[in-house]
Every structure is written in C-alpha cells, then in structure tokens.
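Visitor: One structure is given below, represented as structure tokens, and several questions about it will come after.
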Amino acid sequence: MKELYTDLNIRFSVEQRSFCALNIIYERFLRTVPSHSHGKNSYEIHYIPSGFGHARINQALYDIVPNTLYVTGPHVEHAQVPAPEDPMCEYCVYLNLERGRPRGNPEKRPAAQWLPAPPPSILQLFEETPFWFGQDRQNVSGVMEQIFFELRNQYRGYMQQVEALLTQLVVLTARNYEEQQKAVTHFGPSNPENSKFILLEEYFLYEYQNLSLKALADRLGLGCRQTERLLKEHYGKTFLQKKTEARMAAAAILLSDQARSISSIAEELGYSSAEHFSAAFKRHYKMTAREYRRRGDRLQK
C-alpha cells in the first residue's frame, strides 16, 4: 500500500521563510529502509498512525509504535525496520527550507546584554532541531490525513488547502518539541476603519430593541450625516432600512415561540403598539405576523 506525490512545486512559508515540499508519501512498510541522510536545509517529518517497528537514528535504536512522530533533519542518519507481525504505516513529508537572510553577527549585540534572550520562534524551533523523536501531542494525524485527502481528490481550492495544511504541519511538529509554551507575540488590534465595520455589524445584530442613528453616530465618533454616508457606502442602505431589517429579522425568530403574543414581540422590538409592528411586518414580509407564524408551524410539521 503506497500513495506518493512527488515532483510537485508546493511552496509555503512560515515566518516569511519559504519551504518547498518535495515528496509526500503514505506507505505500509513491508521492507527495511536502509540507513540514509538528507542534505543541508532538508527535513523529513515522519508520522506513524498504526503498526510497529524500530528506527536506528544516529546509531541509537528507537521503538516505533502507533502515534510516533519523529523528524530527521540535515545529515541525520536514519533507517527503519518494520515489525513482521504488524508492520508500521507511515506518513512522510520531505521538506526543503529555502535559505533566508543571514541572521547577522551574533557578537554585535545591543548594550543591554543583561536582558534575557527571547524564546525561539516556531521557525527557529523547527530549523534548529535536526532530530526529534516522541509521541505526537498536537494532532499531526488529522493534518496528515487532510493533506492526502486534498491531494487525492483535487477539489477546487485544493492547492491553497495543501499549502495551509503544510504550514500547520510545521507549526504542530515544532510545538511537540516543547511543553505548551505560550506565545510572546500576539495579534494587534484592528485598525480604526475595520473596527467601525465590526461595531456596525454588532449594533444592528444585538441592539435591535433601541436602534438610534444618534446613538450609533456617537459610538462611531461621527456625525449623523457621516454615519448615514458610511452605511450607504458599506451596505448600500440607509439607517432606517438597516433598522427595519434588524427588527424584522428578530421578529421572525421571536414569532417561532408560540408562547409569545404579538403585542409582547412588538414591545420587545421597540414599537409603540402592536398595530405599528404589524403594519411594518406586513410591508417587509408581504404577509401578516400571524400568517408568517402559521406558515412556520406548517413547515415544522
């Protein structure tokens, strides 16, 4: 049993360094793999989902059992021998880490040398760990399975999926090297322009009971006319249209509760009377609230 993808130009990046996936293989081993090593900047990620065997790596012997993950980087001698009674199955991804910019002279450091060195990044962990062997704790299995699913079926968008999954594979592999260390860098806040759009979405979604152009404008830090222009540019609709849409969407949900009266729904939505609510509902949905509720009952039955 063997599934091989080779001679493909699959490129992806981690922390702005480029990787190239040269071979992606799944195999049930019925043969011994003789001792060999890989050249500079080359790494193999081996994951064993089932079966048994052993590996000889740099003259040391390691037992291979289900859920074994191991990485062999540049110049690491390794061989594999499957167990005859239950030979191992293996996912293997061969990667080449393309050369990046030199890191500079380590002797030239800032004056404040007493500051502790920052922890290594994911890329540094991966690049500077030429050999690791252990049990996977990061669900590498699921990523490997999905990589092969995408390559096998080649559905629309599979190339982007494979690139993203290979990025995940490198990250999850490197995470196995240490005990759940917290990241030291984080996503920054969104820019003010994008924050306004999120505020708009949440305002109409969650505050449909008391929608007010003035209140929305104050929250955005804009004037009422500027807010109207923003709504027109972003949604192609006026504040009144968005307000009506928000209330009517909420009304449709509330009407599914048979215990709620039309009057109580009108009050919750901020209408001055059930009559005003009913008229607005009919204009929007082209049927009365009671008709809408009856139709919903029929569909559920």
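Ordering of the structure tokens sets the chain letters (A, B, ...), residue numbers begin anew at 1 in every chain, and ligands are numbered from 1 in the order given.
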Looking only at strand (DSSP E or B) from DSSP on the backbone, list the matching residues of segment 87-206 of chain A as a ChimeraX atom specification.
Guide: /A:87,89-97,131-135
Visitor: What does the file look like for those residues with all heavy atoms, as a compact mmCIF listing (two decimals), in the first residue's frame?
Guide:
# COMPACT_ATOMS: atom_id res chain seq x y z
N PRO A 87 3.45 -4.61 10.58
CA PRO A 87 4.33 -3.56 10.05
C PRO A 87 3.70 -2.18 10.11
O PRO A 87 2.49 -2.03 9.95
CB PRO A 87 4.58 -4.00 8.61
CG PRO A 87 3.48 -4.92 8.27
CD PRO A 87 3.04 -5.57 9.54
N CYS A 89 2.58 1.66 9.37
CA CYS A 89 2.18 2.56 8.29
C CYS A 89 2.75 3.93 8.61
O CYS A 89 2.82 4.33 9.77
CB CYS A 89 0.67 2.63 8.17
SG CYS A 89 -0.09 1.08 7.66
N GLU A 90 3.16 4.65 7.58
CA GLU A 90 3.83 5.93 7.83
C GLU A 90 3.41 7.00 6.83
O GLU A 90 3.33 6.74 5.63
CB GLU A 90 5.34 5.75 7.75
CG GLU A 90 6.11 7.04 8.04
CD GLU A 90 7.57 6.95 7.65
OE1 GLU A 90 7.87 6.97 6.43
OE2 GLU A 90 8.41 6.85 8.56
N TYR A 91 3.12 8.19 7.37
CA TYR A 91 3.05 9.40 6.56
C TYR A 91 4.44 10.03 6.61
O TYR A 91 5.03 10.13 7.68
CB TYR A 91 2.07 10.41 7.13
CG TYR A 91 0.61 10.01 7.07
CD1 TYR A 91 -0.05 9.56 8.21
CD2 TYR A 91 -0.12 10.11 5.89
CE1 TYR A 91 -1.38 9.21 8.17
CE2 TYR A 91 -1.46 9.77 5.84
CZ TYR A 91 -2.09 9.32 6.98
OH TYR A 91 -3.41 8.97 6.95
N CYS A 92 4.93 10.46 5.47
CA CYS A 92 6.24 11.11 5.44
C CYS A 92 6.19 12.31 4.50
O CYS A 92 5.76 12.18 3.35
CB CYS A 92 7.32 10.12 4.97
SG CYS A 92 8.98 10.82 4.97
N VAL A 93 6.63 13.46 5.01
CA VAL A 93 6.68 14.69 4.21
C VAL A 93 8.13 15.17 4.18
O VAL A 93 8.74 15.39 5.23
CB VAL A 93 5.76 15.78 4.78
CG1 VAL A 93 5.91 17.07 3.98
CG2 VAL A 93 4.31 15.32 4.77
N TYR A 94 8.67 15.28 2.98
CA TYR A 94 10.06 15.72 2.79
C TYR A 94 10.04 17.19 2.40
O TYR A 94 9.45 17.57 1.39
CB TYR A 94 10.72 14.88 1.69
CG TYR A 94 12.19 15.17 1.46
CD1 TYR A 94 13.17 14.33 1.98
CD2 TYR A 94 12.58 16.28 0.71
CE1 TYR A 94 14.52 14.59 1.76
CE2 TYR A 94 13.93 16.54 0.49
CZ TYR A 94 14.89 15.70 1.01
OH TYR A 94 16.22 15.96 0.79
N LEU A 95 10.70 18.01 3.22
CA LEU A 95 10.67 19.47 3.04
C LEU A 95 12.08 20.01 2.84
O LEU A 95 13.04 19.51 3.45
CB LEU A 95 10.07 20.16 4.26
CG LEU A 95 8.64 19.80 4.65
CD1 LEU A 95 8.28 20.44 5.98
CD2 LEU A 95 7.66 20.24 3.57
N ASN A 96 12.17 21.03 2.02
CA ASN A 96 13.41 21.79 1.90
C ASN A 96 13.14 23.21 2.37
O ASN A 96 12.22 23.88 1.88
CB ASN A 96 13.91 21.80 0.46
CG ASN A 96 15.23 22.51 0.32
OD1 ASN A 96 15.28 23.66 -0.09
ND2 ASN A 96 16.31 21.82 0.66
N LEU A 97 13.90 23.64 3.36
CA LEU A 97 13.78 25.00 3.88
C LEU A 97 14.72 25.89 3.08
O LEU A 97 15.95 25.75 3.14
CB LEU A 97 14.12 25.04 5.37
CG LEU A 97 14.14 26.41 6.06
CD1 LEU A 97 12.80 27.12 5.89
CD2 LEU A 97 14.48 26.26 7.53
N PHE A 131 16.85 16.75 14.93
CA PHE A 131 16.28 15.43 15.24
C PHE A 131 15.38 15.53 16.46
O PHE A 131 15.72 16.17 17.46
CB PHE A 131 17.38 14.40 15.51
CG PHE A 131 16.86 13.12 16.08
CD1 PHE A 131 15.98 12.33 15.36
CD2 PHE A 131 17.22 12.72 17.36
CE1 PHE A 131 15.47 11.15 15.89
CE2 PHE A 131 16.73 11.54 17.90
CZ PHE A 131 15.84 10.76 17.16
N TRP A 132 14.19 14.91 16.35
CA TRP A 132 13.26 14.80 17.49
C TRP A 132 12.48 13.50 17.32
O TRP A 132 12.09 13.14 16.21
CB TRP A 132 12.31 15.98 17.53
CG TRP A 132 11.47 16.02 18.78
CD1 TRP A 132 11.79 16.60 19.97
CD2 TRP A 132 10.17 15.45 18.96
NE1 TRP A 132 10.79 16.43 20.89
CE2 TRP A 132 9.78 15.72 20.31
CE3 TRP A 132 9.30 14.74 18.14
CZ2 TRP A 132 8.55 15.29 20.83
CZ3 TRP A 132 8.10 14.31 18.66
CH2 TRP A 132 7.73 14.59 19.98
N PHE A 133 12.24 12.82 18.44
CA PHE A 133 11.52 11.55 18.41
C PHE A 133 10.61 11.49 19.63
O PHE A 133 11.05 11.77 20.75
CB PHE A 133 12.50 10.38 18.45
CG PHE A 133 11.87 9.03 18.20
CD1 PHE A 133 11.99 8.41 16.97
CD2 PHE A 133 11.15 8.38 19.21
CE1 PHE A 133 11.43 7.16 16.74
CE2 PHE A 133 10.57 7.13 18.98
CZ PHE A 133 10.71 6.53 17.74
N GLY A 134 9.33 11.17 19.43
CA GLY A 134 8.42 11.05 20.56
C GLY A 134 7.00 10.76 20.11
O GLY A 134 6.75 10.41 18.95
N GLN A 135 6.07 10.92 21.04
CA GLN A 135 4.65 10.75 20.76
C GLN A 135 4.04 12.11 20.39
O GLN A 135 4.31 13.12 21.05
CB GLN A 135 3.94 10.17 21.98
CG GLN A 135 4.22 8.69 22.20
CD GLN A 135 3.39 7.81 21.27
OE1 GLN A 135 2.17 7.73 21.40
NE2 GLN A 135 4.04 7.14 20.33
Visitor: DSSP on the backbone: which residues in segment 153-228 of chain A end up as alpha helix (DSSP H)? Give the answer as a ChimeraX atom specification.
Guide: /A:153,158-175,192-206,213-220,224-228
Visitor: Write out the residues from the selection above, keeping C-alpha atoms, as a PDB file, in the first residue's frame.
Guide:
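Saved to part_14.pdb:
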ATOM      1  CA  ASN A 153      -9.367  14.480  -4.718  1.00  0.00           C
ATOM      2  CA  TYR A 158      -7.049  22.149  -3.031  1.00  0.00           C
ATOM      3  CA  MET A 159      -3.709  23.861  -3.757  1.00  0.00           C
ATOM      4  CA  GLN A 160      -4.395  26.610  -1.221  1.00  0.00           C
ATOM      5  CA  GLN A 161      -5.585  23.987   1.254  1.00  0.00           C
ATOM      6  CA  VAL A 162      -2.418  21.914   0.894  1.00  0.00           C
ATOM      7  CA  GLU A 163      -0.193  24.974   1.360  1.00  0.00           C
ATOM      8  CA  ALA A 164      -2.127  25.967   4.507  1.00  0.00           C
ATOM      9  CA  LEU A 165      -2.046  22.395   5.864  1.00  0.00           C
ATOM     10  CA  LEU A 166       1.702  22.094   5.341  1.00  0.00           C
ATOM     11  CA  THR A 167       2.156  25.337   7.272  1.00  0.00           C
ATOM     12  CA  GLN A 168       0.082  23.815  10.083  1.00  0.00           C
ATOM     13  CA  LEU A 169       2.176  20.662   9.932  1.00  0.00           C
ATOM     14  CA  VAL A 170       5.417  22.558  10.542  1.00  0.00           C
ATOM     15  CA  VAL A 171       3.858  24.544  13.399  1.00  0.00           C
ATOM     16  CA  LEU A 172       2.335  21.483  15.096  1.00  0.00           C
ATOM     17  CA  THR A 173       5.527  19.477  14.666  1.00  0.00           C
ATOM     18  CA  ALA A 174       7.619  22.212  16.301  1.00  0.00           C
ATOM     19  CA  ARG A 175       5.064  22.550  19.116  1.00  0.00           C
ATOM     20  CA  PRO A 192      -9.976  52.040  13.290  1.00  0.00           C
ATOM     21  CA  GLU A 193     -11.620  51.606   9.882  1.00  0.00           C
ATOM     22  CA  ASN A 194     -12.201  47.879  10.332  1.00  0.00           C
ATOM     23  CA  SER A 195     -13.308  48.410  13.942  1.00  0.00           C
ATOM     24  CA  LYS A 196     -16.125  50.645  12.686  1.00  0.00           C
ATOM     25  CA  PHE A 197     -17.455  47.877  10.463  1.00  0.00           C
ATOM     26  CA  ILE A 198     -17.479  45.348  13.330  1.00  0.00           C
ATOM     27  CA  LEU A 199     -19.247  47.902  15.522  1.00  0.00           C
ATOM     28  CA  LEU A 200     -21.889  48.398  12.816  1.00  0.00           C
ATOM     29  CA  GLU A 201     -22.474  44.649  12.478  1.00  0.00           C
ATOM     30  CA  GLU A 202     -22.838  44.111  16.222  1.00  0.00           C
ATOM     31  CA  TYR A 203     -25.009  47.187  16.725  1.00  0.00           C
ATOM     32  CA  PHE A 204     -27.699  46.046  14.284  1.00  0.00           C
ATOM     33  CA  LEU A 205     -27.384  42.386  15.305  1.00  0.00           C
ATOM     34  CA  TYR A 206     -27.649  42.734  19.079  1.00  0.00           C
ATOM     35  CA  LEU A 213     -28.932  56.991  14.471  1.00  0.00           C
ATOM     36  CA  LYS A 214     -27.634  59.474  17.058  1.00  0.00           C
ATOM     37  CA  ALA A 215     -26.519  56.708  19.434  1.00  0.00           C
ATOM     38  CA  LEU A 216     -24.776  54.858  16.604  1.00  0.00           C
ATOM     39  CA  ALA A 217     -23.070  58.046  15.381  1.00  0.00           C
ATOM     40  CA  ASP A 218     -21.828  58.815  18.907  1.00  0.00           C
ATOM     41  CA  ARG A 219     -20.432  55.313  19.245  1.00  0.00           C
ATOM     42  CA  LEU A 220     -18.601  55.622  15.932  1.00  0.00           C
ATOM     43  CA  CYS A 224     -25.238  61.662  11.865  1.00  0.00           C
ATOM     44  CA  ARG A 225     -24.663  62.639   8.229  1.00  0.00           C
ATOM     45  CA  GLN A 226     -21.259  60.930   8.209  1.00  0.00           C
ATOM     46  CA  THR A 227     -22.858  57.796   9.690  1.00  0.00           C
ATOM     47  CA  GLU A 228     -25.548  57.777   7.005  1.00  0.00           C
TER      48      GLU A 228
END
Visitor: May I have the residues within 12 Å of Lys282 of chain A as an MDAnalysis selection string, using only C-alpha atoms and disregarding those fewer than 3 positions away in the same chain?
Guide: chainID A and resid 244 248 251:252 275:279 285:292
Visitor: Restrict the selected residues to C-alpha atoms and save them as a PDB file, in the first residue's frame.
Guide:
ATOM      1  CA  THR A 244     -36.108  47.820   9.784  1.00  0.00           C
ATOM      2  CA  MET A 248     -37.762  42.194  11.174  1.00  0.00           C
ATOM      3  CA  ALA A 251     -39.294  39.387  14.737  1.00  0.00           C
ATOM      4  CA  ALA A 252     -39.113  36.284  12.552  1.00  0.00           C
ATOM      5  CA  GLU A 275     -50.589  47.811  15.187  1.00  0.00           C
ATOM      6  CA  HIS A 276     -47.406  49.679  14.201  1.00  0.00           C
ATOM      7  CA  PHE A 277     -45.422  46.450  14.412  1.00  0.00           C
ATOM      8  CA  SER A 278     -47.975  44.510  12.348  1.00  0.00           C
ATOM      9  CA  ALA A 279     -48.022  47.166   9.622  1.00  0.00           C
ATOM     10  CA  TYR A 285     -42.609  40.223   4.529  1.00  0.00           C
ATOM     11  CA  LYS A 286     -45.745  40.783   2.383  1.00  0.00           C
ATOM     12  CA  MET A 287     -47.851  38.871   4.938  1.00  0.00           C
ATOM     13  CA  THR A 288     -49.092  39.456   8.455  1.00  0.00           C
ATOM     14  CA  ALA A 289     -47.237  38.257  11.520  1.00  0.00           C
ATOM     15  CA  ARG A 290     -49.977  35.685  12.208  1.00  0.00           C
ATOM     16  CA  GLU A 291     -49.770  34.336   8.657  1.00  0.00           C
ATOM     17  CA  TYR A 292     -45.983  34.088   8.999  1.00  0.00           C
TER      18      TYR A 292
END
Visitor: Do a neighbour search on Ser261 of chain A at 12 Å with only C-alpha atoms, toss out local chain neighbours closer than 4 positions, and write the hits as a ChimeraX atom specification.
Guide: /A:251,254-257,265-268,274,289-290,293
Visitor: Give the answer as one residue: which of A:Glu207, A:Glu44, A:Glu178, A:Glu98 has the shortest atom-to-atom distance to Val14 of chain A, using only C-alpha atoms?
Guide: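 Closest to Val14 of chain A of all the choices is A:Glu98.
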Visitor: Work out how far apart atom CA of Glu77 of chain A and atom CA of Glu145 of chain A are and give it in Å to one decimal.
Guide: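 Value for the atom CA of Glu77 of chain A-atom CA of Glu145 of chain A distance: 26.9 Å.
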